[in-house]
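**Student:** I have a structure I would like to understand better, so I am pasting it below and will then ask my questions one at a time.
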Amino acid sequence: MSKFKIFSIAFLASAAVTQAQDLDQAKKAIDAEQYEKAKSMLKGIIQSKSNGKASFLLGNIYLTQSIEDSAKISFDKGLASGDGAKFNSIGLGQMDLNKGDVAGAKAKFDLAIKDVKKKDVEEYIYVAKAYMNAEKPDYKSAIAVLEKAKAANPNDAQVQLALGDAYYGDKNQNEAYAAYRNAYAADSSLIRAKMQLGVLLKGAKAYNEAIKAYDEVLGLNPNYGPVHRELAETYYLWANNKPSTYTENMKKALSSYEKYLSLTDYSLPSRMRHADFLILAKDYVALEAEAKEMEKLDNVNPRILRYLGYSAYENGNADAAIKALNEFINKGTNKIIAGDYYYLGLSMIKKAIGADGKTVDAALLNSGTTEVKKAVTMEPTLANLLNEIAKKYFTQKNYDVAGSLFEIAITNSSSKNFLEDSIYYGLSVYTINRGKDAKTIDNVALDKADKAIDNVIVATPNYQEAYLYKARINSSLEKDEIMAANYQKYIDIVSAKGEEEITKSKAKLTESYNNIASFYANTDKTKAKEYFNKTLALDATNNFALESLKILK
């Protein structure tokens with residue numbers, strides 16, 4: 001019997017060692033972002049024997065993949081497990097942070113780190129990661145927690161790696177660099193720390209140097225998936241920051257991301273992450289193909305409708321985009337982002353334009369405009385994107401559509417295109433109302449257009465065209481005194497630039513002189529004649545000036 005007891009103890013010890021080794025392998029798979037592989041390993045551990053640490057790691061993967069229901073189930077099960085149960089309080093604490101319950105999260109974190117042994121740091125590391133991985137990251141709280149871990153075990157590589165992440169998130173490049181360097185010095189097998197040195201260079205826009213740093217990592221392990229993702233993101237940023245490299249670097253970015261997928265997994269969450277990258281890369285043909293592949297894996301997942309909607313609009317199928325995005329938004333349980341309203345609105349606007357390219361369905365245009373307004377209210381930076389779209393409609397002489405989009409764009413005065421959009425909005429409204437009579441003219445829109453041009457004049461007081469546009473708008477508003485004053489300002493700026501500018505601006509100058517002359521015709525004939533004669537000095541055959549002078553005599 002005693003031999004049997006000894007055998008049983010040895011067996012249990014061996015099983016514990018095996019389970020610990022399996023957990024280490026699962027952690028390595030998580031670090032390599034091989035989430036499906038890690039999930040399978042962790043489920044196997046839990047199935048063989050209830051294990052709180054395994055449940056916690058599994059729940060964390062679900063949180064990473066935004067599968068919160070499964071995360072909660074895993075954490076709750078883990079709490080009931082003896083070994084490592086307290087780690088699950090950390091996972092539930094992160095879920096509290098995601099809901100904005102900071103006090104509830106802290107209470108759970110305190111429970112997890114209560115009574116930890118002096119040299120134990122793992123609980124502190126995971127609490128810090130929870131602060132960093134929350135929907136609204138709190139890097140300063142993460143740093144405060146990690147400083148306690150550092151005090152307990154200053155040479156722990158994982159503590160230093162987590163400190164690097166926290167300092168990087170807190171925009172402290174120097175401390176982040178030191179922490180990553182210390183992490184790699186403490187454990188040269190921790191190549192994520194070495195990779196993060198390249199990430200710091202990426203953040204500093206030193207793209208070439210970042211790629212060299214990643215190449216060093218690949219020299220150590222060419223199959224380390226995350227470095228290929230970082231390569232993809234670096235090439236993407238380089239392409240957008242230096243347009244001359246766009247085609248070449250975007251091609252490299254997409255190729256690197258495909259390599260990342262091949263080294264991680266082609267699960268639905270990974271495909272969704274890939275789809276998000278394809279949106280950034282503006283590869284909508286590939287996005288549509290990816291969305292259709294995801295549909296085969298899970299035809300009820302609502303996010304697939306988002307990808308189908310975005311790609312359908314960009315690939316010219318407004319009807320399919322409207323159908324997919326309406327279905328996604330109207331489910332009521334989905335987390336709606338600004339891009340969803342943005343693409344739905346643009347799709348409606350595109351559909352509002354008739355086959356002749358001119359006829360516009362006013363009701364559908366209004367509905368589309370309302371959706372785009374929602375999007376820009378939620379995410380003001382989307383106003384930057386409207387410039388190119390609205391200018392295309394303007395060039396096509398769809399001034400109603402262009403004006404509606406430019407009007408939304410200028411609600412964000414911080415937009416990089418604010419002044420140009422203001423000019424185009426003014427021109428759109430003026431063109432729509434040009435020649436209309438008092439019954440049909442839109443004075444409210446013209447007043448808005450006038451104010452938009454004022455913003456341009458305040459920002460660029462020597463931009464001569466702004467005064468010309470303001471004069472024309474006020475002519476339509478029958479505010480003749482303001483009209484005349486702005487035509488005069490246009491004349492003064494052009495004249496000050498010399499003969500070359502005067503010659504180049506001849507038609508606009510004669511327009512200005514004639515309109516000022518007409519303003520004075522009923523009140524000051526001498527001034528009226530003076531301005532008509534200025535027209536004739538530029539254009540001796542100008543019929544309007546010649547006929548008007550005959551009448552004034």
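We name chains A, B, ... following the order of the structure tokens; residues begin at 1 in each chain, and ligands are numbered from 1 as shown.
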Can you pull out every residue within 12 Å of A:Glu530, counting only C-alpha atoms, but drop anything in the same chain fewer than 6 positions away, and send it as JSON, numbers by chain?
**Tutor:** {"A": [513, 514, 516, 517, 518, 520, 521, 524, 536, 537, 545, 548, 549, 552]}
**Student:** Smallest atom-to-atom distance to A:Ala176: which of A:Gln34, A:Ser188, A:Ser414, A:Gln160, using only C-alpha atoms?
**Tutor:** A:Gln160
**Student:** I'd like the contact shell of A:Tyr307 - 9 Å cut-off, only C-alpha atoms, skipping same-chain residues fewer than 3 positions apart - returned as a VMD selection string.
**Tutor:** chain A and resid 272 275 to 276 279 287 to 288 290 to 291 303 to 304 310 to 312 324 to 325
**Student:** Figure out the distance between atom CA of A:Ala253 and atom CA of A:Tyr207, please, to one decimal in Å.
**Tutor:**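 Rounded to one decimal, the two atoms are 12.4 Å apart.
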**Student:** Extract, using only C-alpha atoms, all DNA, RNA and protein residues at most 7 Å from A:Ala26, discarding same-chain residues fewer than 5 positions from it, and format them as a list in words.
**Tutor:** Ala38, Met41 and Leu42 of chain A
**Student:** Tell me which of A:Ala449, A:Leu263, A:Ile408, A:Ala210 sits closest to A:Trp238, counting only C-alpha atoms.
**Tutor:** A:Ala210
**Student:** Just the helix (DSSP H, G or I) stuff from stretch 340-490 of chain A, please, per backbone DSSP, written as a ChimeraX atom specification.
**Tutor:** /A:340-352,362-378,380-395,399-409,418-433,443-459,464-476,480-490
**Student:** Go through A:Asn443, A:Asn486, A:Asn412, A:Ser267 one by one, measure the shortest atom-to-atom distance of each to A:Glu379 using only C-alpha atoms, and give the residue with the smallest value.
**Tutor:**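 Checking each candidate against A:Glu379, we get A:Asn412 as the closest.
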**Student:** Kindly give the distance, in Å, that separates atom CA of A:Ile125 and atom CA of A:Glu147, rounded to a single decimal.
**Tutor:**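 Atom CA of A:Glu147 lies at a distance of 10.0 Å from atom CA of A:Ile125.
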**Student:** With a distance cut-off of 9 Å and only C-alpha atoms, select the neighbouring residues of A:Ala54, excluding the residue or stretch itself and same-chain residues fewer than 6 positions from it, and output the selection as number ranges by chain.
**Tutor:** A: 23, 26, 42-43, 45-46, 78, 84
**Student:** Please write the residues from the selection above to a file, keeping N, CA, C and O atoms, as a tab-separated table (two decimals), in the first residue's frame.
**Tutor:**
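New file out.tsv:
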```tsv
chain	number	residue	atom	x	y	z
A	23	LEU	N	1.05	24.56	-20.20
A	23	LEU	CA	0.70	25.98	-20.03
A	23	LEU	C	1.77	26.87	-20.66
A	23	LEU	O	1.46	27.87	-21.31
A	26	ALA	N	1.31	26.88	-24.30
A	26	ALA	CA	0.15	27.71	-24.66
A	26	ALA	C	0.51	29.19	-24.62
A	26	ALA	O	0.10	29.98	-25.48
A	42	LEU	N	-5.27	25.03	-24.39
A	42	LEU	CA	-5.83	25.38	-23.08
A	42	LEU	C	-7.10	24.58	-22.78
A	42	LEU	O	-7.32	24.15	-21.64
A	43	LYS	N	-7.93	24.39	-23.79
A	43	LYS	CA	-9.14	23.58	-23.59
A	43	LYS	C	-8.76	22.14	-23.22
A	43	LYS	O	-9.43	21.49	-22.41
A	45	ILE	N	-6.04	21.24	-21.59
A	45	ILE	CA	-5.58	21.25	-20.19
A	45	ILE	C	-6.77	21.24	-19.25
A	45	ILE	O	-6.82	20.47	-18.28
A	46	ILE	N	-7.75	22.10	-19.53
A	46	ILE	CA	-8.92	22.23	-18.67
A	46	ILE	C	-9.73	20.93	-18.65
A	46	ILE	O	-10.26	20.53	-17.62
A	78	GLY	N	-13.04	29.47	-14.17
A	78	GLY	CA	-11.70	29.51	-13.57
A	78	GLY	C	-11.72	29.88	-12.11
A	78	GLY	O	-10.89	29.39	-11.32
A	84	GLY	N	-4.62	28.43	-9.41
A	84	GLY	CA	-4.59	29.65	-10.23
A	84	GLY	C	-5.93	30.33	-10.36
A	84	GLY	O	-6.11	31.18	-11.25
```
**Student:** Find the residues around A:Lys374 up to 10 Å (only C-alpha atoms counted), leave out those fewer than 3 positions away in its own chain, and share them as a count of residues only.
**Tutor:** 14
**Student:** Could you list, as a VMD selection string, every residue within 10 Å of A:Tyr177, counting only C-alpha atoms and ignoring same-chain residues fewer than 5 positions away?
**Tutor:** chain A and resid 161 163 to 165 167 to 168 172 182 to 183 193 to 194 196 to 201
